[in-house]
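First up is the structure itself, then whatever we jot down about it.
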There are 2 protein chains.
Amino acid sequence: MEVRKELLEIGCPIGVTQNIMAGKWKLVIVWLLKDDTKRFGELRRALPQIRQGYLTQQLRELERDGLVHRKVYNVVPPKVEYSLTDIGIRFLEVMNKMYEWGEEYSNLIKNLCK
Amino acid sequence: MEVRKELLEIGCPIGVTQNIMAGKWKLVIVWLLKDDTKRFGELRRALPQIRQGYLTQQLRELERDGLVHRKVYNVVPPKVEYSLTDIGIRFLEVMNKMYEWGEEYSNLIKNLCK
DNA sequence: GTACATAGTATCATAAGACGTACTATTAAA
DNA sequence: TTTAATAGTACGTCTTATGATACTATGTAC
């Protein structure tokens with residue numbers, strides 16, 4: 001894990017979190033890794049809308065920031081497995097709250113539509 | 001509150017939440033409104049880095065999405081007060097989790113720096 | 001010796017987000 | 001009659017984020 005010292009300069013823990021989860025697909029990727037390790041190809045097939053290069057980039061950022069572990073098997077054809085680290089697993093608590101609130105919010109606006 | 005039906009089409013509550021909190025200053029604004037109503041000028045002075053037009057825009061989006069209430073007093077010079085709505089207050093739970101996790105994460109990388 | 005599979009890279013194009021500066025309406029007070 | 005204060009708007013610019021397409025390495029199976 002490469003430490004990004006500039007994150008500490010933000011000063012506010014919320015700002016740190018916001019910075020790390022920024023990126024259109026990062027939350028979805030973490031969510032997909034929630035229960036088990038996944039190979040690169042599995043993630044790609046699970047997210048057909050996302051271009052391969054961008055998936056790689058997002059995964060590398062998650063790895064750099066220490067949420068995701070990347071395990072390379074030295075075989076041909078290549079095999080790489082992604083999984084959540086401890087701090088990545090603890091990030092799921094944030095996502096659970098986001099889920100709860102998002103559900104509540106959705107119900108609210110559904111009612112307004114009636 | 002203007003209902004954004006496209007949010008419901010996202011399908012995933014986390015995606016809904018992510019969509020609503022997107023925007024560089026929205027979380028900070030909600031945080032500033034956490035305890036009490038604030039006038040526009042107070043927010044502006046609290047956030048000198050943010051340009052006035054952009055602050056207005058972020059506030060309008062928060063109002064549109066129902067997190068923030070905007071109360072206009074019909075006086076001169078103008079007076080406008082911003083406060084959190086019920087669903088906005090409940091959003092603070094998400095932010096609290098972000099705070100906790102961000103703190104934990106910051107401690108982790110501080111230790112790595114040693 | 002050709003094709004296939006995986007996990008990528010490289011390059012360019014476009015769209016979205018954020019920024020800077022300048023401008024407005026209104027009335028009360030100087 | 002000019003100035004000050006508040007809460008904005010209206011541009012144009014610039015940067016960052018995301019998207020599309022094409023290309024690479026390597027060993028195994030055919």
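Following the order of the structure tokens, first chain is A, next is B, and so on, with residues numbered from 1 inside each chain and ligands from 1 in the order they appear.
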Interface, chain A side, toward chain D (10 Å; only C-alpha atoms (C1' of nucleotides)) as a VMD selection string: chain A and resid 23 to 24 50 to 51 54 75 to 78
Within 7 Å of chain B, which residues belong to chain A? Use only C-alpha atoms and report them as JSON, numbers by chain. {"A": [3, 8, 13, 14, 16, 17, 91, 94, 95, 97, 98, 99, 101, 102, 103, 106, 109]}
Kindly export the residues of the current selection with C-alpha atoms, as a CSV table (one decimal), in the first residue's frame.
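Produced file result-v5.csv, reproduced below:
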chain,number,residue,atom,x,y,z
A,3,VAL,CA,0.6,6.0,1.5
A,8,LEU,CA,-3.7,13.6,5.8
A,13,PRO,CA,-11.9,12.5,8.0
A,14,ILE,CA,-15.0,12.9,5.9
A,16,VAL,CA,-10.5,11.7,3.3
A,17,THR,CA,-13.3,9.2,2.9
A,91,PHE,CA,-15.5,0.4,4.5
A,94,VAL,CA,-20.1,3.1,5.3
A,95,MET,CA,-21.7,1.5,2.3
A,97,LYS,CA,-25.3,3.2,5.7
A,98,MET,CA,-25.4,4.6,2.2
A,99,TYR,CA,-27.6,1.7,1.3
A,101,TRP,CA,-30.3,6.0,3.5
A,102,GLY,CA,-30.6,5.5,-0.3
A,103,GLU,CA,-33.5,3.1,0.3
A,106,SER,CA,-36.0,6.3,-2.7
A,109,ILE,CA,-39.5,10.2,-3.6
When the cut-off is 12 Å and we count only C-alpha atoms (C1' of nucleotides), which residues of chain C are near chain A, given as a VMD selection string? chain C and resid 4 to 11
Can you tell me, as JSON, numbers by chain, which residues in stretch 36-74 of chain B count as helix (DSSP H, G or I) by DSSP? {"B": [40, 41, 42, 43, 44, 45, 46, 52, 53, 54, 55, 56, 57, 58, 59, 60, 61, 62, 63, 64]}
Using N, CA and C atoms, can you write the selected residues to a file as a PDB file, in the first residue's frame?
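Written output follows (part03.pdb):
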ATOM      1  N   PHE B  40     -27.088  32.597   3.873  1.00  0.00           N
ATOM      2  CA  PHE B  40     -26.198  32.421   2.726  1.00  0.00           C
ATOM      3  C   PHE B  40     -24.818  33.011   3.000  1.00  0.00           C
ATOM      4  N   GLY B  41     -24.800  34.223   3.500  1.00  0.00           N
ATOM      5  CA  GLY B  41     -23.535  34.889   3.770  1.00  0.00           C
ATOM      6  C   GLY B  41     -22.670  34.164   4.787  1.00  0.00           C
ATOM      7  N   GLU B  42     -23.307  33.551   5.762  1.00  0.00           N
ATOM      8  CA  GLU B  42     -22.549  32.785   6.753  1.00  0.00           C
ATOM      9  C   GLU B  42     -21.847  31.608   6.100  1.00  0.00           C
ATOM     10  N   LEU B  43     -22.572  30.921   5.231  1.00  0.00           N
ATOM     11  CA  LEU B  43     -21.972  29.790   4.524  1.00  0.00           C
ATOM     12  C   LEU B  43     -20.809  30.275   3.664  1.00  0.00           C
ATOM     13  N   ARG B  44     -21.035  31.374   3.000  1.00  0.00           N
ATOM     14  CA  ARG B  44     -19.988  31.908   2.116  1.00  0.00           C
ATOM     15  C   ARG B  44     -18.737  32.263   2.914  1.00  0.00           C
ATOM     16  N   ARG B  45     -18.932  32.889   4.048  1.00  0.00           N
ATOM     17  CA  ARG B  45     -17.772  33.248   4.861  1.00  0.00           C
ATOM     18  C   ARG B  45     -17.095  32.015   5.468  1.00  0.00           C
ATOM     19  N   ALA B  46     -17.910  30.984   5.724  1.00  0.00           N
ATOM     20  CA  ALA B  46     -17.335  29.764   6.289  1.00  0.00           C
ATOM     21  C   ALA B  46     -16.513  29.003   5.247  1.00  0.00           C
ATOM     22  N   GLN B  52     -18.816  32.123  -5.123  1.00  0.00           N
ATOM     23  CA  GLN B  52     -20.209  32.352  -4.758  1.00  0.00           C
ATOM     24  C   GLN B  52     -21.211  31.637  -5.674  1.00  0.00           C
ATOM     25  N   GLY B  53     -20.961  31.713  -6.967  1.00  0.00           N
ATOM     26  CA  GLY B  53     -21.886  31.103  -7.909  1.00  0.00           C
ATOM     27  C   GLY B  53     -21.976  29.602  -7.731  1.00  0.00           C
ATOM     28  N   TYR B  54     -20.852  28.998  -7.399  1.00  0.00           N
ATOM     29  CA  TYR B  54     -20.849  27.555  -7.234  1.00  0.00           C
ATOM     30  C   TYR B  54     -21.547  27.157  -5.941  1.00  0.00           C
ATOM     31  N   LEU B  55     -21.359  27.986  -4.910  1.00  0.00           N
ATOM     32  CA  LEU B  55     -22.063  27.729  -3.652  1.00  0.00           C
ATOM     33  C   LEU B  55     -23.577  27.761  -3.882  1.00  0.00           C
ATOM     34  N   THR B  56     -24.021  28.766  -4.587  1.00  0.00           N
ATOM     35  CA  THR B  56     -25.441  28.857  -4.927  1.00  0.00           C
ATOM     36  C   THR B  56     -25.912  27.589  -5.632  1.00  0.00           C
ATOM     37  N   GLN B  57     -25.124  27.167  -6.619  1.00  0.00           N
ATOM     38  CA  GLN B  57     -25.507  25.987  -7.394  1.00  0.00           C
ATOM     39  C   GLN B  57     -25.621  24.740  -6.514  1.00  0.00           C
ATOM     40  N   GLN B  58     -24.633  24.546  -5.658  1.00  0.00           N
ATOM     41  CA  GLN B  58     -24.656  23.366  -4.793  1.00  0.00           C
ATOM     42  C   GLN B  58     -25.857  23.415  -3.855  1.00  0.00           C
ATOM     43  N   LEU B  59     -26.132  24.600  -3.327  1.00  0.00           N
ATOM     44  CA  LEU B  59     -27.277  24.747  -2.430  1.00  0.00           C
ATOM     45  C   LEU B  59     -28.583  24.458  -3.158  1.00  0.00           C
ATOM     46  N   ARG B  60     -28.683  24.923  -4.393  1.00  0.00           N
ATOM     47  CA  ARG B  60     -29.902  24.678  -5.154  1.00  0.00           C
ATOM     48  C   ARG B  60     -30.101  23.204  -5.436  1.00  0.00           C
ATOM     49  N   GLU B  61     -28.996  22.518  -5.690  1.00  0.00           N
ATOM     50  CA  GLU B  61     -29.115  21.082  -5.950  1.00  0.00           C
ATOM     51  C   GLU B  61     -29.522  20.347  -4.676  1.00  0.00           C
ATOM     52  N   LEU B  62     -28.951  20.758  -3.554  1.00  0.00           N
ATOM     53  CA  LEU B  62     -29.336  20.129  -2.287  1.00  0.00           C
ATOM     54  C   LEU B  62     -30.803  20.404  -1.979  1.00  0.00           C
ATOM     55  N   GLU B  63     -31.251  21.579  -2.353  1.00  0.00           N
ATOM     56  CA  GLU B  63     -32.663  21.909  -2.140  1.00  0.00           C
ATOM     57  C   GLU B  63     -33.548  21.078  -3.078  1.00  0.00           C
ATOM     58  N   ARG B  64     -33.155  21.048  -4.342  1.00  0.00           N
ATOM     59  CA  ARG B  64     -33.898  20.257  -5.319  1.00  0.00           C
ATOM     60  C   ARG B  64     -34.034  18.812  -4.873  1.00  0.00           C
TER      61      ARG B  64
END
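For chain A, the set of residues given strand (DSSP E or B) by DSSP on the backbone reads Lys38, Arg39, Val68, His69, Arg70, Lys71, Val72, Tyr73, Lys79, Val80, Glu81, Tyr82, Ser83 and Leu84 of chain A.
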Atom pair atom CA of B:Ile89 / atom CA of B:Lys26: separation (Å):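 According to the coordinates, atom CA of B:Ile89 and atom CA of B:Lys26 are separated by 13.7 Å.
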With only C-alpha atoms as the atoms that count, which of B:Pro48, B:Val72, B:Asn111, B:Lys38 lies nearest to B:Leu84?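 Smallest distance to B:Leu84 is found for B:Lys38.
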